[in-house]
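This is query.pdb. It holds PDB, C-alpha atoms.
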ATOM      1  CA  MET A 289       0.000   0.000   0.000
ATOM      2  CA  ARG A 290       1.252   3.468  -0.882
ATOM      3  CA  ILE A 291       0.750   6.283   1.605
ATOM      4  CA  GLY A 292       0.969   9.884   0.440
ATOM      5  CA  ILE A 293       1.928  12.553   2.960
ATOM      6  CA  ILE A 294       1.272  16.188   2.102
ATOM      7  CA  GLY A 295       3.537  18.220   4.374
ATOM      8  CA  ALA A 296       7.190  17.491   5.122
ATOM      9  CA  GLY A 297       7.416  19.354   8.415
ATOM     10  CA  ALA A 298       8.051  17.736  11.790
ATOM     11  CA  LEU A 299       4.778  15.792  11.857
ATOM     12  CA  GLY A 300       4.919  14.605   8.254
ATOM     13  CA  ARG A 301       8.501  13.461   8.674
ATOM     14  CA  ALA A 302       7.758  11.683  11.956
ATOM     15  CA  LEU A 303       4.954   9.689  10.363
ATOM     16  CA  ALA A 304       7.060   8.945   7.291
ATOM     17  CA  VAL A 305       9.823   7.463   9.419
ATOM     18  CA  ARG A 306       7.428   5.229  11.335
ATOM     19  CA  PHE A 307       5.495   4.089   8.253
ATOM     20  CA  VAL A 308       8.673   3.213   6.356
ATOM     21  CA  ALA A 309      10.060   1.354   9.383
ATOM     22  CA  ALA A 310       6.900  -0.782   9.257
ATOM     23  CA  GLY A 311       7.487  -1.638   5.597
ATOM     24  CA  GLU A 312       5.094   0.838   3.964
ATOM     25  CA  GLU A 313       5.943   2.836   0.836
ATOM     26  CA  VAL A 314       5.573   6.566   1.498
ATOM     27  CA  LEU A 315       5.323   9.422  -0.991
ATOM     28  CA  LEU A 316       6.425  12.499   0.968
ATOM     29  CA  SER A 317       5.691  15.937  -0.467
ATOM     30  CA  ASP A 318       5.609  19.595   0.408
ATOM     31  CA  SER A 319       5.035  22.907  -1.313
ATOM     32  CA  ARG A 320       8.702  23.241  -2.305
ATOM     33  CA  GLY A 321       8.630  20.106  -4.446
ATOM     34  CA  PRO A 322      10.294  16.687  -4.210
ATOM     35  CA  ARG A 323      13.802  18.040  -3.597
ATOM     36  CA  SER A 324      12.824  19.136  -0.086
ATOM     37  CA  PRO A 325      12.329  15.663   1.480
ATOM     38  CA  ARG A 326      15.188  14.046  -0.459
ATOM     39  CA  GLU A 327      17.667  14.308   2.430
ATOM     40  CA  LEU A 328      15.264  12.421   4.706
ATOM     41  CA  ALA A 329      14.727   9.802   1.991
ATOM     42  CA  ASP A 330      18.476   9.275   1.733
ATOM     43  CA  SER A 331      18.682   8.702   5.494
ATOM     44  CA  ILE A 332      15.860   6.206   5.963
ATOM     45  CA  GLY A 333      15.927   4.162   2.774
ATOM     46  CA  PRO A 334      14.084   3.394  -0.450
ATOM     47  CA  GLY A 335      10.659   3.077   1.195
ATOM     48  CA  LEU A 336      10.448   6.878   1.268
ATOM     49  CA  VAL A 337       9.938   8.483  -2.134
ATOM     50  CA  PRO A 338      10.154  12.278  -2.552
ATOM     51  CA  ALA A 339       7.070  13.343  -4.511
ATOM     52  CA  THR A 340       5.024  16.254  -5.724
ATOM     53  CA  VAL A 341       1.850  17.164  -3.844
ATOM     54  CA  THR A 342      -0.204  15.861  -6.768
ATOM     55  CA  GLU A 343       1.609  12.509  -6.693
ATOM     56  CA  ALA A 344       1.137  12.169  -2.927
ATOM     57  CA  ALA A 345      -2.560  13.006  -3.278
ATOM     58  CA  GLY A 346      -2.989  10.083  -5.673
ATOM     59  CA  ALA A 347      -1.981   7.468  -3.099
ATOM     60  CA  GLU A 348      -4.420   4.975  -1.592
ATOM     61  CA  ILE A 349      -4.199   6.729   1.778
ATOM     62  CA  VAL A 350      -3.337  10.439   1.953
ATOM     63  CA  VAL A 351      -2.143  12.189   5.117
ATOM     64  CA  LEU A 352      -2.718  15.942   5.490
ATOM     65  CA  ALA A 353       0.157  17.124   7.688
ATOM     66  CA  VAL A 354       0.259  20.865   7.031
ATOM     67  CA  PRO A 355      -0.474  23.814   9.342
ATOM     68  CA  TRP A 356      -4.137  24.795   9.551
ATOM     69  CA  ARG A 357      -3.702  28.062   7.656
ATOM     70  CA  GLN A 358      -2.071  26.205   4.740
ATOM     71  CA  LEU A 359      -4.810  23.596   4.290
ATOM     72  CA  PRO A 360      -6.756  25.296   1.470
ATOM     73  CA  GLU A 361      -3.546  25.955  -0.476
ATOM     74  CA  ALA A 362      -2.342  22.367   0.021
ATOM     75  CA  VAL A 363      -5.643  20.867  -1.096
ATOM     76  CA  THR A 364      -5.683  23.123  -4.155
ATOM     77  CA  ALA A 365      -2.116  22.076  -5.013
ATOM     78  CA  ALA A 366      -3.204  18.427  -4.838
ATOM     79  CA  GLY A 367      -5.411  19.060  -7.870
ATOM     80  CA  ALA A 368      -8.025  16.535  -6.717
ATOM     81  CA  TYR A 369     -11.478  18.033  -7.108
ATOM     82  CA  ASP A 370     -13.071  14.659  -6.388
ATOM     83  CA  TRP A 371     -11.111  12.447  -3.989
ATOM     84  CA  GLN A 372     -13.055   9.390  -5.219
ATOM     85  CA  GLU A 373     -13.490   7.821  -1.779
ATOM     86  CA  ARG A 374      -9.748   7.758  -1.065
ATOM     87  CA  ILE A 375      -8.930   7.752   2.628
ATOM     88  CA  VAL A 376      -7.635  11.120   3.834
ATOM     89  CA  ILE A 377      -6.113  11.274   7.315
ATOM     90  CA  ASP A 378      -6.517  14.666   8.959
ATOM     91  CA  THR A 379      -3.702  15.363  11.432
ATOM     92  CA  THR A 380      -4.416  19.090  11.777
ATOM     93  CA  ASN A 381      -5.401  21.281  14.684
ATOM     94  CA  PRO A 382      -7.202  24.632  14.157
ATOM     95  CA  LEU A 383      -4.395  26.897  15.327
ATOM     96  CA  GLY A 384      -2.529  29.657  13.555
ATOM     97  CA  PRO A 385      -0.646  32.921  13.876
ATOM     98  CA  PRO A 386      -0.390  35.153  15.678
ATOM     99  CA  GLY A 387       0.352  33.323  18.910
ATOM    100  CA  PHE A 388      -1.345  30.029  17.984
ATOM    101  CA  GLN A 389      -4.719  31.723  17.832
ATOM    102  CA  VAL A 390      -7.670  29.317  17.637
ATOM    103  CA  ALA A 391      -9.590  29.466  14.356
ATOM    104  CA  ASP A 392     -13.281  30.332  14.458
ATOM    105  CA  LEU A 393     -15.006  27.062  13.492
ATOM    106  CA  GLN A 394     -18.533  28.326  14.200
ATOM    107  CA  GLY A 395     -19.199  25.412  16.532
ATOM    108  CA  ARG A 396     -18.120  22.651  14.145
ATOM    109  CA  PRO A 397     -15.421  20.029  14.817
ATOM    110  CA  SER A 398     -12.292  20.954  12.894
ATOM    111  CA  SER A 399     -12.371  17.748  10.841
ATOM    112  CA  GLU A 400     -15.813  18.589   9.496
ATOM    113  CA  VAL A 401     -14.247  21.770   8.132
ATOM    114  CA  VAL A 402     -11.425  19.718   6.596
ATOM    115  CA  ALA A 403     -13.928  17.228   5.148
ATOM    116  CA  GLY A 404     -15.513  20.106   3.276
ATOM    117  CA  LEU A 405     -12.173  20.768   1.542
ATOM    118  CA  VAL A 406     -11.665  17.186   0.303
ATOM    119  CA  ALA A 407     -14.935  16.425  -1.478
ATOM    120  CA  GLY A 408     -15.559  12.730  -1.955
ATOM    121  CA  ALA A 409     -12.879  11.588   0.491
ATOM    122  CA  ARG A 410     -13.404   9.277   3.445
ATOM    123  CA  LEU A 411     -11.872  11.438   6.164
ATOM    124  CA  VAL A 412     -10.308   9.996   9.314
ATOM    125  CA  LYS A 413      -8.992  12.168  12.138
ATOM    126  CA  ALA A 414      -5.769  10.738  13.614
ATOM    127  CA  PHE A 415      -2.257  11.595  14.799
ATOM    128  CA  ASN A 416      -3.244  15.092  15.991
ATOM    129  CA  THR A 417      -3.110  14.587  19.759
ATOM    130  CA  LEU A 418       0.615  13.817  20.172
ATOM    131  CA  ALA A 419       3.732  15.867  19.483
ATOM    132  CA  PRO A 420       5.866  14.896  16.468
ATOM    133  CA  ALA A 421       8.728  13.785  18.706
ATOM    134  CA  VAL A 422       6.425  11.308  20.459
ATOM    135  CA  LEU A 423       5.080   9.985  17.152
ATOM    136  CA  ALA A 424       8.604   9.593  15.765
ATOM    137  CA  ALA A 425       9.687   7.429  18.709
ATOM    138  CA  ASP A 426       9.341   3.650  18.767
ATOM    139  CA  PRO A 427       5.640   3.036  19.512
ATOM    140  CA  ARG A 428       6.501  -0.087  21.468
ATOM    141  CA  THR A 429       7.875   0.645  24.928
ATOM    142  CA  PRO A 430       8.636  -1.648  27.872
ATOM    143  CA  ALA A 431       5.435  -0.357  29.513
ATOM    144  CA  GLY A 432       3.225  -0.924  26.462
ATOM    145  CA  ARG A 433       2.259   0.440  23.034
ATOM    146  CA  ARG A 434       1.552   4.126  22.422
ATOM    147  CA  VAL A 435      -2.166   4.809  21.888
ATOM    148  CA  ILE A 436      -3.374   6.562  18.722
ATOM    149  CA  PHE A 437      -6.937   7.904  18.716
ATOM    150  CA  LEU A 438      -8.896   8.062  15.480
ATOM    151  CA  SER A 439     -12.408   8.984  14.369
ATOM    152  CA  GLY A 440     -14.340   9.210  11.126
ATOM    153  CA  ASN A 441     -17.755   8.890   9.562
ATOM    154  CA  HIS A 442     -16.900   5.854   7.418
ATOM    155  CA  PRO A 443     -16.397   2.655   9.482
ATOM    156  CA  GLY A 444     -14.497   0.933   6.665
ATOM    157  CA  ALA A 445     -12.007   3.807   6.450
ATOM    158  CA  ASN A 446     -11.642   3.838  10.231
ATOM    159  CA  ASP A 447     -10.856   0.119  10.098
ATOM    160  CA  ARG A 448      -8.206   0.623   7.404
ATOM    161  CA  VAL A 449      -6.483   3.374   9.367
ATOM    162  CA  ALA A 450      -6.706   1.353  12.590
ATOM    163  CA  ALA A 451      -5.061  -1.582  10.800
ATOM    164  CA  LEU A 452      -2.248   0.714   9.606
ATOM    165  CA  VAL A 453      -1.801   2.062  13.125
ATOM    166  CA  GLU A 454      -1.529  -1.470  14.490
ATOM    167  CA  ARG A 455       0.946  -2.569  11.778
ATOM    168  CA  VAL A 456       3.261   0.269  12.725
ATOM    169  CA  GLY A 457       3.141  -0.837  16.362
ATOM    170  CA  TRP A 458       0.834   1.703  17.951
ATOM    171  CA  ALA A 459      -2.450   0.744  19.644
ATOM    172  CA  ALA A 460      -5.522   2.078  17.803
ATOM    173  CA  VAL A 461      -8.567   3.410  19.655
ATOM    174  CA  ASP A 462     -11.538   4.142  17.373
ATOM    175  CA  LEU A 463     -13.708   6.916  18.813
ATOM    176  CA  GLY A 464     -16.457   6.630  16.192
ATOM    177  CA  PRO A 465     -17.911   9.456  14.064
ATOM    178  CA  LEU A 466     -16.351  12.907  13.784
ATOM    179  CA  ALA A 467     -19.227  14.664  15.549
ATOM    180  CA  ALA A 468     -18.284  12.902  18.778
ATOM    181  CA  GLY A 469     -14.774  11.522  18.326
ATOM    182  CA  GLY A 470     -13.457  14.545  16.483
ATOM    183  CA  ARG A 471     -14.432  16.793  19.365
ATOM    184  CA  LEU A 472     -12.723  14.488  21.870
ATOM    185  CA  GLN A 473      -9.484  14.636  19.857
ATOM    186  CA  GLN A 474      -9.585  18.298  18.898
ATOM    187  CA  PHE A 475      -6.869  20.593  20.168
ATOM    188  CA  PRO A 476      -7.530  22.823  21.967
ATOM    189  CA  GLY A 477     -10.602  21.848  23.937
ATOM    190  CA  GLY A 478     -10.822  18.086  23.531
ATOM    191  CA  PRO A 479     -10.091  15.992  26.637
ATOM    192  CA  LEU A 480      -7.830  13.623  24.682
ATOM    193  CA  ALA A 481      -5.621  16.310  23.154
ATOM    194  CA  THR A 482      -1.979  15.947  24.273
ATOM    195  CA  LEU A 483      -2.928  12.869  26.328
ATOM    196  CA  SER A 484      -0.159  10.282  25.914
ATOM    197  CA  LEU A 485      -1.347   6.812  26.904
ATOM    198  CA  LEU A 486       0.175   3.344  26.721
ATOM    199  CA  LEU A 487      -1.721   0.097  26.215
ATOM    200  CA  GLU A 488      -0.203  -2.383  28.627
ATOM    201  CA  PRO A 489       0.995  -5.733  27.194
TER
END
In structure tokens, write the structure found in this file.
Amino acid sequence: MRIGIIGAGALGRALAVRFVAAGEEVLLSDSRGPRSPRELADSIGPGLVPATVTEAAGAEIVVLAVPWRQLPEAVTAAGAYDWQERIVIDTTNPLGPPGFQVADLQGRPSSEVVAGLVAGARLVKAFNTLAPAVLAADPRTPAGRRVIFLSGNHPGANDRVAALVERVGWAAVDLGPLAAGGRLQQFPGGPLATLSLLLEP
């Protein structure tokens, strides 16, 4: 399975490292083009392929790992006006400058806003509650496996992302639809945001 990651910042790179370590093929992209992630690709092996945003957006599973304010631009650069039921993983949190100001979502969960940008996609919220450094670390610890929360309105897509999470070594916890689960995960405000848990062996 090919995984496309749009965004080669700290979060995108952390996920790329973990996915490749689990044997997945990753297309890593950012707005500067495929030359930007090439150094990381050289360091972690052939499983990581530097790509354009359009190429990453064509993968079976696509990860949005860009800052909130850059989401519309990133989705436009992907050139996908109909995502044709591809799975899109939303890792974002509705924060931006100045001073990490919270975006006005008019009462909606942030992932419902993101879902409106990726028409036709099966959106799954995941990987937004932990810092990149935590995600980049080995998910298996002597005390247990790191927990990854996820939510989405399509049970089949949730199952696919949960299976990916488990293959990498994390422990998946499916919170159900975005209206409930997305609010639990959302940062700031959600009770699960920044909560780092381990599933005991």
- Task: Find the spatial neighbours of A:Ala419, counting only C-alpha atoms, within a cut-off of 8 Å - ignore same-chain residues fewer than 4 positions away - and output them as an NGL selection string.
- Result: :A and (299 or 423 or 482)
- Residue contacts of A:Ile349 (12 Å, all atoms listed in the file) excluding same-chain residues fewer than 6 positions away, as a list in words: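 Using all atoms listed in the file, the neighbours found are Met289, Arg290, Ile291, Gly292, Ile293, Ile294, Phe307, Glu312, Glu313, Val314, Leu315, Glu343, Trp371, Gln372, Glu373, Arg374, Ile375, Val376, Ile377, Asp378, Ala409, Arg410, Leu411, Val412, Ala445, Asn446, Arg448, Val449 and Leu452 of chain A.
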- Message: I'd like to see the residues matched by the PyMOL selection byres ((chain A and resi 387-396) around 10) on this file, and ideally I'd get them as number ranges by chain.
- Response: A: 356-357, 381-386, 397-401, 466-467, 470-471, 475-476
- Fewer than 4 positions away in the same chain doesn't count, so skip those; otherwise give me all residues within 10 Å of A:Val422, counting only C-alpha atoms, as an MDAnalysis selection string. chainID A and resid 299 302 418 426:427 434 484
- Query: What's the 8 Å shell around stretch 436-440 of chain A, counting all atoms listed in the file, without same-chain residues fewer than 6 positions away, as a ChimeraX atom specification?
  - Reply: /A:410-415,417,446,450,453,458-466,469-470,473
- Message: Calculated over all atoms listed in the file, which of the candidates A:Gly367, A:Gly333, A:Gly297, A:Gly457 has the smallest distance to A:Val435?
- Response: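 The answer is A:Gly457, which sits nearest to A:Val435.
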- Note on the structure: Counting only C-alpha atoms, the residue among A:Arg306, A:Ile332, A:Val406, A:Val337 that lies closest to A:Val350 is A:Val406
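With only C-alpha atoms as the atoms that count, the residue of A:Leu328, A:Ala309, A:Ala347, A:Val354 with the shortest distance to A:Val456 is A:Ala309.
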- Please, what distance in Å, to one decimal, runs between atom CA of A:Gly432 and atom CA of A:Asp447? 21.6 Å
